[in-house]
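Just query39.txt here, compact mmCIF, C-alpha atoms and all ligand atoms:
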```txt
# COMPACT_ATOMS: atom_id res chain seq x y z
CA MET H 1 19.72 46.01 -32.21
CA ILE H 2 17.03 46.80 -29.71
CA LYS H 3 13.94 48.29 -31.22
CA LYS H 4 12.50 51.20 -29.38
CA VAL H 5 9.07 50.20 -28.14
CA LYS H 6 6.61 53.01 -27.90
CA GLN H 7 5.83 53.50 -24.24
CA GLN H 8 2.22 52.81 -23.45
CA LYS H 9 0.57 52.72 -20.11
CA LYS H 10 -0.07 49.02 -19.52
CA GLU H 11 -1.58 47.10 -16.68
CA MET H 12 1.02 45.07 -14.78
CA VAL H 13 1.00 41.40 -15.78
CA ARG H 14 -0.21 39.10 -13.00
CA THR H 15 -0.15 35.33 -12.36
CA PRO H 16 -2.62 33.30 -14.45
CA LYS H 17 -5.92 32.32 -12.86
CA GLY H 18 -5.55 29.47 -10.37
CA MET H 19 -1.76 29.74 -10.20
CA HIS H 20 0.16 31.23 -7.31
CA ASP H 21 3.58 32.37 -6.24
CA LEU H 22 5.10 30.65 -3.23
CA LEU H 23 6.79 33.30 -1.12
CA PRO H 24 9.79 32.42 1.09
CA THR H 25 7.61 31.71 4.14
CA ASP H 26 5.41 29.38 2.03
CA VAL H 27 8.37 27.56 0.53
CA ALA H 28 9.56 26.73 4.05
CA TYR H 29 6.37 24.65 4.58
CA TYR H 30 6.80 22.75 1.32
CA GLU H 31 10.42 22.08 2.17
CA LYS H 32 9.51 20.71 5.57
CA ILE H 33 7.04 18.25 4.04
CA TYR H 34 9.51 17.24 1.36
CA GLU H 35 12.32 16.79 3.85
CA LYS H 36 10.25 14.41 6.04
CA ALA H 37 8.91 12.55 3.01
CA ARG H 38 12.36 12.16 1.49
CA LEU H 39 14.01 10.90 4.70
CA ILE H 40 11.29 8.34 5.41
CA SER H 41 11.10 7.14 1.78
CA GLU H 42 14.84 6.77 1.46
CA PHE H 43 14.98 4.82 4.72
CA TYR H 44 12.49 2.40 3.15
CA GLY H 45 14.64 1.99 0.06
CA PHE H 46 13.06 4.47 -2.36
CA SER H 47 15.10 6.49 -4.86
CA PRO H 48 14.15 9.79 -6.47
CA ILE H 49 12.96 10.12 -10.07
CA GLU H 50 12.12 13.20 -12.10
CA THR H 51 10.03 13.02 -15.25
CA PRO H 52 9.22 15.88 -17.67
CA HIS H 53 6.42 18.33 -16.95
CA VAL H 54 5.19 17.80 -20.51
CA GLU H 55 4.28 14.38 -21.89
CA ASN H 56 2.55 12.96 -24.96
CA THR H 57 -1.21 13.31 -24.41
CA ASP H 58 -1.76 9.57 -25.01
CA LEU H 59 0.17 8.78 -21.85
CA PHE H 60 -2.75 10.13 -19.82
CA ILE H 61 -5.73 9.37 -22.07
CA ARG H 62 -4.97 5.64 -22.23
CA PRO H 63 -4.72 4.87 -18.51
CA LEU H 64 -6.93 7.56 -17.00
CA GLY H 65 -9.85 6.71 -19.25
CA GLU H 66 -11.79 9.02 -21.55
CA ALA H 67 -14.71 9.25 -19.14
CA THR H 68 -12.81 10.86 -16.26
CA ASP H 69 -13.07 14.49 -15.27
CA VAL H 70 -9.35 14.95 -15.70
CA VAL H 71 -9.30 13.84 -19.33
CA GLU H 72 -12.71 15.28 -20.20
CA LYS H 73 -12.14 18.81 -19.02
CA GLU H 74 -9.08 19.39 -16.88
CA MET H 75 -6.00 18.63 -18.98
CA TYR H 76 -3.79 21.37 -20.33
CA SER H 77 -3.22 19.95 -23.81
CA PHE H 78 -1.74 21.65 -26.84
CA LYS H 79 -0.31 20.93 -30.23
CA SER H 80 3.42 21.63 -30.42
CA LYS H 81 4.96 23.48 -33.36
CA GLY H 82 6.12 20.09 -34.60
CA GLY H 83 2.52 18.84 -34.56
CA ASP H 84 2.72 16.57 -31.49
CA MET H 85 -0.21 16.46 -29.06
CA LEU H 86 1.29 17.25 -25.66
CA THR H 87 -0.11 17.66 -22.15
CA LEU H 88 1.12 19.28 -18.94
CA ARG H 89 1.22 16.32 -16.55
CA PRO H 90 -2.00 16.09 -14.49
CA GLU H 91 -0.66 13.28 -12.26
CA GLY H 92 2.55 11.41 -11.54
CA THR H 93 1.92 7.69 -11.78
CA ALA H 94 1.61 7.23 -15.55
CA PRO H 95 4.89 9.12 -16.20
CA VAL H 96 6.76 6.99 -13.65
CA MET H 97 5.39 3.81 -15.24
CA ARG H 98 6.41 5.10 -18.67
CA ALA H 99 9.92 5.75 -17.35
CA TYR H 100 10.09 2.25 -15.82
CA TYR H 101 9.32 0.75 -19.21
CA GLU H 102 11.36 3.16 -21.29
CA HIS H 103 14.54 2.61 -19.26
CA GLY H 104 14.22 -1.16 -18.92
CA MET H 105 13.81 -1.12 -15.14
CA GLN H 106 12.31 -4.62 -15.46
CA SER H 107 15.92 -5.81 -15.44
CA TRP H 108 16.72 -3.98 -12.17
CA PRO H 109 16.30 -5.88 -8.89
CA GLN H 110 12.54 -5.97 -8.25
CA PRO H 111 10.55 -4.31 -6.88
CA VAL H 112 11.70 -0.87 -8.00
CA LYS H 113 10.87 1.82 -5.44
CA LEU H 114 10.69 5.41 -6.68
CA TYR H 115 9.53 8.72 -5.25
CA TYR H 116 8.90 12.07 -6.89
CA ASN H 117 8.07 15.61 -5.90
CA GLY H 118 6.91 18.39 -8.18
CA SER H 119 4.22 20.43 -9.92
CA PHE H 120 1.18 19.05 -11.71
CA PHE H 121 -1.48 20.86 -13.71
CA ARG H 122 -5.24 20.61 -13.98
CA HIS H 123 -7.61 23.17 -15.35
CA GLU H 124 -10.04 23.07 -12.44
CA ARG H 125 -12.47 25.71 -11.31
CA PRO H 126 -10.40 27.83 -8.91
CA GLN H 127 -13.43 28.65 -6.74
CA ARG H 128 -13.36 25.10 -5.41
CA GLY H 129 -10.31 26.13 -3.46
CA ARG H 130 -8.04 24.18 -5.76
CA THR H 131 -5.10 25.52 -7.65
CA ARG H 132 -4.39 24.80 -11.31
CA GLU H 133 -0.75 24.22 -10.61
CA PHE H 134 -0.43 22.01 -7.56
CA ARG H 135 2.40 20.13 -5.94
CA GLN H 136 2.52 16.48 -5.08
CA PHE H 137 4.84 14.10 -3.34
CA GLY H 138 4.35 10.56 -4.57
CA ALA H 139 5.90 7.12 -4.12
CA GLU H 140 5.55 4.01 -6.29
CA ILE H 141 6.59 0.38 -5.85
CA ILE H 142 6.75 -1.42 -9.19
CA GLY H 143 7.21 -5.12 -9.88
CA GLU H 144 5.61 -6.83 -6.87
CA GLN H 145 2.04 -7.73 -5.95
CA ASP H 146 2.51 -8.99 -2.38
CA PRO H 147 0.02 -7.26 -0.04
CA ILE H 148 2.88 -6.12 2.19
CA ILE H 149 3.80 -3.66 -0.61
CA ASP H 150 0.41 -1.92 -0.27
CA ALA H 151 0.86 -1.85 3.50
CA ILE H 152 4.38 -0.37 3.24
CA LEU H 153 3.08 2.47 1.05
CA ILE H 154 0.23 3.20 3.45
CA LYS H 155 2.63 3.10 6.37
CA ILE H 156 5.01 5.57 4.73
CA ALA H 157 2.16 7.96 3.91
CA TYR H 158 0.95 7.66 7.50
CA LEU H 159 4.41 8.20 8.99
CA ILE H 160 5.12 11.29 6.90
CA LEU H 161 1.99 13.04 8.18
CA LYS H 162 2.58 11.93 11.78
CA GLU H 163 6.17 13.16 11.72
CA ILE H 164 5.18 16.49 10.19
CA GLY H 165 3.16 16.85 13.36
CA PHE H 166 -0.47 15.91 12.67
CA PRO H 167 -1.91 14.07 15.68
CA ASN H 168 -4.78 12.18 13.99
CA VAL H 169 -4.16 10.48 10.67
CA LEU H 170 -6.71 7.97 9.40
CA ILE H 171 -6.64 5.68 6.36
CA HIS H 172 -9.79 4.89 4.35
CA ILE H 173 -9.35 1.67 2.42
CA ASN H 174 -11.32 -0.44 -0.05
CA SER H 175 -10.68 -3.13 -2.65
CA LEU H 176 -12.00 -2.93 -6.20
CA GLY H 177 -10.90 -6.42 -7.13
CA ASP H 178 -8.89 -7.40 -10.17
CA ARG H 179 -10.01 -7.42 -13.80
CA ASP H 180 -12.08 -10.59 -13.35
CA CYS H 181 -14.10 -9.85 -10.26
CA ARG H 182 -14.33 -6.13 -10.99
CA GLY H 183 -15.97 -6.99 -14.34
CA GLN H 184 -18.68 -8.89 -12.48
CA TYR H 185 -19.10 -6.05 -10.00
CA LYS H 186 -19.29 -3.40 -12.72
CA LYS H 187 -22.09 -5.37 -14.40
CA GLU H 188 -24.06 -5.44 -11.16
CA LEU H 189 -23.46 -1.75 -10.55
CA LEU H 190 -24.46 -0.89 -14.11
CA ALA H 191 -27.70 -2.88 -13.73
CA PHE H 192 -28.35 -1.04 -10.46
CA SER H 193 -27.61 2.36 -12.05
CA LYS H 194 -29.98 1.64 -14.93
CA LYS H 195 -32.76 0.95 -12.44
CA LYS H 196 -32.06 4.31 -10.79
CA PHE H 197 -31.17 6.10 -14.02
CA ASN H 198 -33.82 8.82 -13.75
CA TYR H 199 -32.55 9.87 -10.33
CA LEU H 200 -28.90 10.18 -11.33
CA CYS H 201 -27.20 13.54 -11.85
CA LYS H 202 -26.42 14.78 -15.36
CA ASP H 203 -22.76 13.73 -15.24
CA CYS H 204 -23.55 10.23 -14.01
CA LYS H 205 -26.26 9.75 -16.65
CA ARG H 206 -23.66 10.51 -19.28
CA ARG H 207 -20.80 8.44 -17.97
CA VAL H 208 -22.52 5.52 -16.27
CA LYS H 209 -22.20 3.25 -19.32
CA ASP H 210 -18.47 3.84 -19.77
CA ASN H 211 -17.57 3.89 -16.12
CA PRO H 212 -20.30 2.91 -13.65
CA LEU H 213 -17.77 3.17 -10.77
CA ARG H 214 -17.95 6.94 -11.02
CA LEU H 215 -21.36 6.84 -9.35
CA LEU H 216 -19.61 5.82 -6.11
CA ASP H 217 -17.50 8.96 -5.85
CA CYS H 218 -20.05 11.40 -7.30
CA LYS H 219 -20.54 14.34 -4.94
CA ASP H 220 -24.05 15.16 -6.14
CA THR H 221 -26.48 14.83 -3.22
CA ALA H 222 -28.98 12.71 -5.18
CA CYS H 223 -26.21 10.33 -6.24
CA VAL H 224 -24.86 10.13 -2.68
CA GLU H 225 -28.30 8.95 -1.53
CA ILE H 226 -28.59 6.42 -4.32
CA ARG H 227 -25.17 4.92 -3.78
CA ALA H 228 -26.04 4.05 -0.18
CA GLN H 229 -28.14 1.19 -1.62
CA ALA H 230 -25.69 0.33 -4.39
CA PRO H 231 -23.85 -3.01 -4.43
CA GLN H 232 -20.41 -2.83 -2.80
CA PRO H 233 -17.23 -4.01 -4.50
CA ILE H 234 -15.98 -6.07 -1.53
CA ALA H 235 -19.00 -8.37 -1.80
CA TYR H 236 -17.87 -9.36 -5.31
CA LEU H 237 -14.19 -10.07 -4.66
CA CYS H 238 -12.83 -13.42 -5.89
CA ASN H 239 -10.85 -15.56 -3.43
CA ASN H 240 -7.45 -14.22 -4.51
CA CYS H 241 -8.57 -10.60 -4.18
CA LYS H 242 -10.20 -11.33 -0.83
CA ALA H 243 -6.96 -12.87 0.44
CA HIS H 244 -5.00 -9.89 -0.85
CA LEU H 245 -7.21 -7.40 0.99
CA LYS H 246 -7.07 -9.51 4.14
CA GLY H 247 -3.28 -9.51 3.89
CA VAL H 248 -3.08 -5.72 3.60
CA LEU H 249 -5.41 -5.23 6.58
CA GLU H 250 -3.43 -7.67 8.73
CA TYR H 251 -0.21 -5.76 8.07
CA LEU H 252 -1.94 -2.49 8.93
CA ASP H 253 -3.13 -4.03 12.21
CA GLU H 254 0.40 -5.25 12.87
CA GLY H 255 1.76 -1.75 12.20
CA GLU H 256 -0.94 -0.15 14.40
CA ILE H 257 -2.07 2.07 11.56
CA PRO H 258 -5.64 3.24 12.10
CA TYR H 259 -7.90 2.51 9.12
CA THR H 260 -11.53 2.19 8.24
CA ILE H 261 -13.06 0.23 5.36
CA ASP H 262 -14.86 2.65 3.05
CA HIS H 263 -17.16 0.77 0.69
CA HIS H 264 -17.62 3.75 -1.60
CA LEU H 265 -13.97 4.56 -2.09
CA VAL H 266 -13.02 4.18 -5.76
CA ARG H 267 -10.48 6.91 -6.61
CA GLY H 268 -10.90 8.91 -9.80
CA PHE H 269 -8.93 6.89 -12.31
CA ASP H 270 -9.72 3.75 -14.29
CA TYR H 271 -6.39 2.10 -13.73
CA TYR H 272 -6.85 1.16 -10.08
CA GLY H 273 -7.49 -2.45 -9.13
CA ARG H 274 -7.56 -4.23 -5.79
CA THR H 275 -6.38 -1.86 -3.02
CA VAL H 276 -7.47 1.78 -3.08
CA PHE H 277 -6.94 4.11 -0.14
CA GLU H 278 -7.18 7.71 0.92
CA ILE H 279 -5.32 9.47 3.69
CA PHE H 280 -7.29 11.72 6.01
CA LEU H 281 -6.42 14.24 8.67
CA GLU H 282 -9.03 14.06 11.36
CA GLU H 283 -9.80 16.86 13.72
CA ASP H 284 -12.58 17.97 15.97
CA GLU H 285 -14.54 20.75 14.40
CA ALA H 286 -13.67 24.09 15.93
CA GLY H 287 -15.92 24.59 18.88
CA ALA H 288 -17.44 21.14 18.59
CA LEU H 289 -15.69 20.07 21.76
CA GLU H 290 -17.82 22.44 23.75
CA GLU H 291 -21.00 20.83 24.87
CA VAL H 292 -23.84 21.41 22.52
CA LYS H 293 -27.17 20.77 24.15
CA GLU H 294 -29.51 18.97 21.84
CA GLY H 295 -31.84 17.04 24.04
CA GLU H 296 -29.53 15.05 26.27
CA ASN H 297 -26.93 14.36 23.64
CA LYS H 298 -23.51 15.87 23.51
CA ILE H 299 -22.50 16.28 19.89
CA VAL H 300 -18.87 16.01 18.98
CA SER H 301 -18.37 16.01 15.27
CA ALA H 302 -15.09 15.23 13.65
CA VAL H 303 -13.99 16.78 10.39
CA GLN H 304 -12.03 14.62 8.00
CA LEU H 305 -9.95 16.10 5.27
CA ALA H 306 -8.39 14.00 2.51
CA VAL H 307 -4.81 15.02 1.82
CA GLY H 308 -3.72 12.14 -0.39
CA GLY H 309 -4.51 8.75 -1.77
CA GLY H 310 -3.33 5.85 -3.80
CA GLY H 311 -3.69 2.18 -4.43
CA ARG H 312 -2.72 -0.73 -6.62
CA TYR H 313 -2.66 -0.50 -10.40
CA ASP H 314 -1.52 -3.87 -11.70
CA GLU H 315 -3.22 -3.21 -15.06
CA LEU H 316 -1.79 0.23 -15.74
CA MET H 317 1.23 -0.96 -17.70
CA THR H 318 -0.99 -3.00 -20.04
CA LEU H 319 -3.19 0.05 -20.60
CA LEU H 320 -0.07 1.99 -21.59
CA GLY H 321 0.84 -0.72 -24.09
CA GLY H 322 3.58 -2.54 -22.15
CA LYS H 323 3.86 -5.98 -20.61
CA SER H 324 1.84 -6.40 -17.42
CA VAL H 325 3.73 -5.37 -14.24
CA PRO H 326 2.15 -5.26 -10.77
CA ALA H 327 2.54 -1.87 -9.06
CA ALA H 328 1.14 0.33 -6.31
CA GLY H 329 1.66 3.86 -5.07
CA PHE H 330 0.32 6.97 -3.41
CA ALA H 331 0.54 10.74 -3.70
CA PHE H 332 -0.01 13.66 -1.35
CA GLY H 333 -1.48 17.02 -2.34
CA LEU H 334 0.97 19.40 -0.71
CA GLU H 335 -1.24 22.51 -0.91
CA ARG H 336 -3.78 20.92 1.41
CA ILE H 337 -1.14 19.73 3.83
CA VAL H 338 0.42 23.20 3.95
CA HIS H 339 -3.01 24.70 4.57
CA GLU H 340 -3.52 22.30 7.46
CA MET H 341 -0.02 22.90 8.85
CA LYS H 342 -0.84 26.59 9.04
CA ALA H 343 -4.21 25.85 10.65
CA HIS H 344 -2.51 23.56 13.21
CA GLU H 345 0.27 26.09 13.74
CA ILE H 346 2.89 23.51 12.88
CA ALA H 347 6.19 25.32 12.62
CA THR H 348 8.51 24.94 9.70
CA SER H 349 11.92 23.66 10.66
CA LYS H 350 13.75 25.96 8.30
CA ILE H 351 14.04 28.95 10.53
CA LYS H 352 16.92 30.82 9.00
CA GLN H 353 19.82 30.96 11.40
CA SER H 354 21.04 34.50 11.44
CA PRO H 355 24.81 34.84 11.29
CA LYS H 356 26.63 35.63 14.52
CA VAL H 357 29.09 37.89 12.69
CA PHE H 358 28.21 41.09 10.85
CA LEU H 359 30.48 43.11 8.60
CA VAL H 360 30.28 46.91 8.79
CA GLN H 361 32.19 49.08 6.30
CA ILE H 362 32.72 52.83 6.16
CA GLY H 363 34.06 54.67 3.13
CA ALA H 364 34.70 53.78 -0.52
CA ALA H 365 37.99 51.94 0.03
CA ALA H 366 36.47 49.83 2.81
CA LYS H 367 33.44 49.04 0.67
CA ARG H 368 35.70 47.77 -2.11
CA ARG H 369 37.75 45.67 0.33
CA SER H 370 34.54 44.27 1.87
CA PHE H 371 33.36 42.99 -1.50
CA LYS H 372 36.29 40.54 -1.41
CA LEU H 373 36.45 40.01 2.35
CA VAL H 374 32.92 38.54 2.49
CA GLU H 375 33.99 35.82 0.09
CA GLU H 376 37.18 35.13 2.07
CA LEU H 377 35.03 34.62 5.17
CA ARG H 378 32.63 32.31 3.31
CA LYS H 379 35.53 30.19 2.11
CA GLY H 380 36.93 30.15 5.65
CA GLY H 381 33.64 28.76 6.94
CA VAL H 382 32.49 31.91 8.77
CA SER H 383 28.85 32.78 8.26
CA VAL H 384 28.74 36.55 7.96
CA GLY H 385 25.93 39.05 7.52
CA GLU H 386 26.45 42.32 5.66
CA SER H 387 24.69 45.30 4.23
CA LEU H 388 27.20 46.33 1.62
CA SER H 389 24.87 48.75 -0.11
CA ARG H 390 24.68 50.93 3.02
CA ASP H 391 27.27 53.52 3.87
CA ASN H 392 26.12 54.82 7.22
CA LEU H 393 27.86 53.36 10.30
CA ARG H 394 24.93 53.70 12.65
CA SER H 395 22.38 52.10 10.31
CA GLN H 396 24.71 49.13 9.72
CA LEU H 397 25.27 48.64 13.45
CA SER H 398 21.55 48.72 14.08
CA ILE H 399 21.01 45.93 11.52
CA ALA H 400 23.74 43.91 13.27
CA ALA H 401 21.94 44.42 16.58
CA LYS H 402 18.58 43.43 15.09
CA LEU H 403 20.05 40.20 13.73
CA GLY H 404 21.47 39.48 17.17
CA ALA H 405 25.06 39.33 15.91
CA HIS H 406 27.65 38.55 18.58
CA PHE H 407 30.45 40.28 16.70
CA SER H 408 30.59 43.27 14.37
CA LEU H 409 33.59 43.51 12.09
CA ILE H 410 34.29 47.18 11.47
CA LEU H 411 36.31 48.14 8.43
CA GLY H 412 37.04 51.88 8.12
CA GLN H 413 39.23 53.89 5.80
CA LYS H 414 42.31 53.37 8.02
CA GLU H 415 41.81 49.60 8.33
CA ALA H 416 41.12 49.19 4.62
CA MET H 417 44.36 50.97 3.72
CA GLY H 418 46.29 48.89 6.26
CA ASP H 419 45.71 45.25 7.02
CA THR H 420 43.71 45.27 10.22
CA ILE H 421 40.02 45.15 11.16
CA ILE H 422 38.15 46.04 14.35
CA VAL H 423 36.21 43.22 16.00
CA ARG H 424 33.54 44.51 18.34
CA ASN H 425 31.96 42.15 20.84
CA MET H 426 28.33 43.29 20.69
CA ILE H 427 27.38 41.54 23.91
CA GLU H 428 30.21 42.74 26.13
CA GLY H 429 30.64 46.07 24.38
CA SER H 430 34.42 45.57 24.13
CA GLN H 431 36.48 45.72 20.96
CA GLU H 432 39.93 44.90 19.69
CA THR H 433 41.96 45.30 16.52
CA VAL H 434 42.90 42.11 14.67
CA MET H 435 45.12 41.50 11.65
CA GLN H 436 42.92 40.74 8.63
CA LYS H 437 44.95 37.64 7.84
CA ASN H 438 44.25 36.30 11.35
CA LEU H 439 40.55 37.21 11.31
CA ILE H 440 39.12 33.79 10.48
CA ASP H 441 41.19 32.01 13.15
CA PHE H 442 40.32 34.72 15.66
CA LEU H 443 36.56 34.33 15.06
CA LYS H 444 36.77 30.56 15.21
CA ASN H 445 38.61 30.72 18.54
CA GLN H 446 36.00 33.10 19.90
CA SER H 447 33.15 30.75 19.03
CA LYS H 448 35.08 27.83 20.58
CA LYS H 449 35.51 29.79 23.81
CA LYS H 450 31.75 30.35 23.99
CA LYS H 451 31.15 26.56 24.03
ZN ZN H 501 -23.75 11.77 -10.01
ZN ZN H 502 -10.43 -10.85 -8.06
```
Re-express the file's structure as structure tokens.
Amino acid sequence: MIKKVKQQKKEMVRTPKGMHDLLPTDVAYYEKIYEKARLISEFYGFSPIETPHVENTDLFIRPLGEATDVVEKEMYSFKSKGGDMLTLRPEGTAPVMRAYYEHGMQSWPQPVKLYYNGSFFRHERPQRGRTREFRQFGAEIIGEQDPIIDAILIKIAYLILKEIGFPNVLIHINSLGDRDCRGQYKKELLAFSKKKFNYLCKDCKRRVKDNPLRLLDCKDTACVEIRAQAPQPIAYLCNNCKAHLKGVLEYLDEGEIPYTIDHHLVRGFDYYGRTVFEIFLEEDEAGALEEVKEGENKIVSAVQLAVGGGGRYDELMTLLGGKSVPAAGFAFGLERIVHEMKAHEIATSKIKQSPKVFLVQIGAAAKRRSFKLVEELRKGGVSVGESLSRDNLRSQLSIAAKLGAHFSLILGQKEAMGDTIIVRNMIEGSQETVMQKNLIDFLKNQSKKKK
């Protein structure tokens, strides 16, 4: 029984704040990125994994750390009707690590290489140009700590962007050391922050005790000035961590991947150790290539835009409550890449091929016959366009012409009652009558002749 709802004038429901539809032309960009990323990852031995969009809240609180922006204010968390605390996934690494543990992938041949692609959710302020549902492509290598693993991940991230068509891709890299040497570094940084405490921004004042590293990636102008004098993590690396970083950089040199060491790079999350990196698209600022006279100097400024990042997180599994497993990974923010593809006028590969054959029907009997004929053509491997909802001959022919169809199949009352169909060659203007049962062979022969 359907209750009659009293009709009221209502405002049309729209998308929630910070969330957007992807229209067909947008989807084509995402598909192009995904296609490149998938091909390159699979070549390098990665397999796909999909984890749920909703996870137990603890999965993110434990590894991300209480004192991170994501956990403090950006997670979409809710209590389920069964009383569980759940969260819409804000990132992809913790879920993949959970899946590795939950499905006993320790017993698979190591390392395990996985990639994922999908939506993530953070309740960020939309005015920062960020969306609350965003898409990421990510790749993880679990079960191996050799520096070549870090270099492979960086190389894949680099290749994906190059092959999408970005000319200048640059890697920023740093090492945070492992638990031992990072402890020493954190102490030094905390001591430094205490000395400068009065000059720190509100956020840093609050979180400096729990996570002094956050000072390094604070965007507040006062903090940016202070951090220039702050101790740098690389200076505190133990011998093993130093050798690991050296190894990664040597492989990058070998692979001719352009990088720069960024002493302030920390990444947002607590679980990173040793290698951290970010992936930048570099471009000359619009107009900056023209000479700007300032004294004698010609100023050419380059704009760098981060589109992804990653690093090593050997301690993440322990934070989640499992046995320690070395691992590393990266993720791309697809929204930013799409934005840049549009700015660079990079075309999407998925330009829909319009069919070379178009079916035109006139009259009720022909329309009924067409309903079935389209499917017969599909099964026969003939790509056919149609406009079955139209009845007018001229309007159907004009659609066929617009699509650039080589052949129009014309099915009138007479043909529908019999068993023939008219095939009109739209280029030559000629036409002939063909038996319906021979139609597929006839069309295939025609397309062979053209080649
Ligand atoms: Zn700050
Ligand atoms: Zn170390």
Around all the atoms of range 304-316 of chain H listed in the file, draw an axis-aligned box and extend it by 3 Å on each of the six sides; I want its centre and edge lengths in Å to one decimal, as JSON.
```
{"center_x": -6.8, "center_y": 6.1, "center_z": -3.9, "size_x": 16.5, "size_y": 26.0, "size_z": 29.7}
```
Do a neighbour search on Ile173 in chain H at 8 Å with only C-alpha atoms, toss out local chain neighbours closer than 6 positions, and write the hits as number ranges by chain.
-> H: 259-262, 265, 275-278
Nearest to ligand ZN 502 (chain H), restricted to only C-alpha atoms and all ligand atoms and choosing among H:Ala151, H:Cys201, H:Cys181, H:Leu114, comes out as H:Cys181
Surrounding residues as an mmCIF file with C-alpha atoms, in the frame of the given file, ligand ZN 501 (chain H), max 7 Å, only C-alpha atoms and all ligand atoms:
```cif
data_model
loop_
_atom_site.group_PDB
_atom_site.id
_atom_site.type_symbol
_atom_site.label_atom_id
_atom_site.label_comp_id
_atom_site.auth_asym_id
_atom_site.auth_seq_id
_atom_site.Cartn_x
_atom_site.Cartn_y
_atom_site.Cartn_z
ATOM 1 C CA LEU H 200 -28.900 10.180 -11.330
ATOM 2 C CA CYS H 201 -27.200 13.540 -11.850
ATOM 3 C CA LYS H 202 -26.420 14.780 -15.360
ATOM 4 C CA ASP H 203 -22.760 13.730 -15.240
ATOM 5 C CA CYS H 204 -23.550 10.230 -14.010
ATOM 6 C CA LEU H 215 -21.360 6.840 -9.350
ATOM 7 C CA CYS H 218 -20.050 11.400 -7.300
ATOM 8 C CA LYS H 219 -20.540 14.340 -4.940
ATOM 9 C CA ASP H 220 -24.050 15.160 -6.140
ATOM 10 C CA CYS H 223 -26.210 10.330 -6.240
#
```
Rounded to one decimal in Å, what is the spacing between CA of Tyr313 in chain H and CA of Ile337 in chain H?
-> 24.8 Å
Residue contacts of Leu88 in chain H (12 Å, all atoms listed in the file) excluding same-chain residues fewer than 5 positions away, as a PyMOL selection string | chain H and resi 51-60+70-71+74-80+95+119-123+132-134
Hey, which residues come within 6 Å of ligand ZN 502 (chain H) if we count all atoms listed in the file? Could you give them as JSON, numbers by chain?
-> {"H": [177, 178, 180, 181, 237, 238, 240, 241]}
By how many Å are CA of Ala306 in chain H and CA of Leu281 in chain H apart?
->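 Separation between CA of Ala306 in chain H and CA of Leu281 in chain H: 6.5 Å.
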Leaving out range 195-199 of chain H and any residue of its chain fewer than 6 positions from it, which residues lie within 10 Å of it when counting all atoms listed in the file, given as JSON, numbers by chain?
-> {"H": [189, 205, 208, 222, 223, 225, 226, 227, 230]}
Keeping only C-alpha atoms, write the selected residues as an mmCIF file, keeping the file's coordinate frame.
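Output saved as out-v6.cif:
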```cif
data_model
loop_
_atom_site.group_PDB
_atom_site.id
_atom_site.type_symbol
_atom_site.label_atom_id
_atom_site.label_comp_id
_atom_site.auth_asym_id
_atom_site.auth_seq_id
_atom_site.Cartn_x
_atom_site.Cartn_y
_atom_site.Cartn_z
ATOM 1 C CA LEU H 189 -23.460 -1.750 -10.550
ATOM 2 C CA LYS H 205 -26.260 9.750 -16.650
ATOM 3 C CA VAL H 208 -22.520 5.520 -16.270
ATOM 4 C CA ALA H 222 -28.980 12.710 -5.180
ATOM 5 C CA CYS H 223 -26.210 10.330 -6.240
ATOM 6 C CA GLU H 225 -28.300 8.950 -1.530
ATOM 7 C CA ILE H 226 -28.590 6.420 -4.320
ATOM 8 C CA ARG H 227 -25.170 4.920 -3.780
ATOM 9 C CA ALA H 230 -25.690 0.330 -4.390
#
```
Long-range neighbours of Gly255 in chain H as a ChimeraX atom specification, 9 Å cut-off, all atoms listed in the file, 3 positions minimum in chain = /H:151,155,250-252,258
Pairwise distance for CA of Gln304 in chain H and CA of Glu140 in chain H, rounded to one decimal in Å =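 About the pair CA of Gln304 in chain H and CA of Glu140 in chain H: they are 25.0 Å apart.
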Who sits within 7 Å of range 18-29 of chain H, all atoms listed in the file, same chain under 4 positions skipped, as a ChimeraX atom specification = /H:33,126,131-133,338,348,350
So, counting all atoms listed in the file, which residue among H:Met97, H:Ala400, H:Leu320, H:Leu388 is closest to Ala139 in chain H?
->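 Smallest distance to Ala139 in chain H is found for H:Met97.
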With distances taken over only C-alpha atoms, the candidate from H:Tyr30, H:Tyr185, H:Tyr44, H:Phe407 nearest Leu439 in chain H is H:Phe407
Rank nothing, just name the residue among H:Ile362, H:Val13, H:Ile399, H:Leu373 nearest to Lys414 in chain H, using only C-alpha atoms.
-> H:Ile362
Closest to Ile154 in chain H among H:Phe442, H:Phe280, H:Tyr34, H:Tyr272, using all atoms listed in the file?
->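 Among H:Phe442, H:Phe280, H:Tyr34, H:Tyr272, it is H:Phe280 that comes nearest to Ile154 in chain H.
Counting only C-alpha atoms and comparing H:Gly429, H:Gly183, H:Gly333, H:Pro109, the residue that lies closest to Asn211 in chain H is H:Gly183.
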Starting from the point (10.7, 6.3, 1.6), work out which residues of protein, DNA or RNA have an atom no more than 12 Å away when counting only C-alpha atoms; state them as a ChimeraX atom specification.
-> /H:34-48,113-116,137-141,152-160,329-330
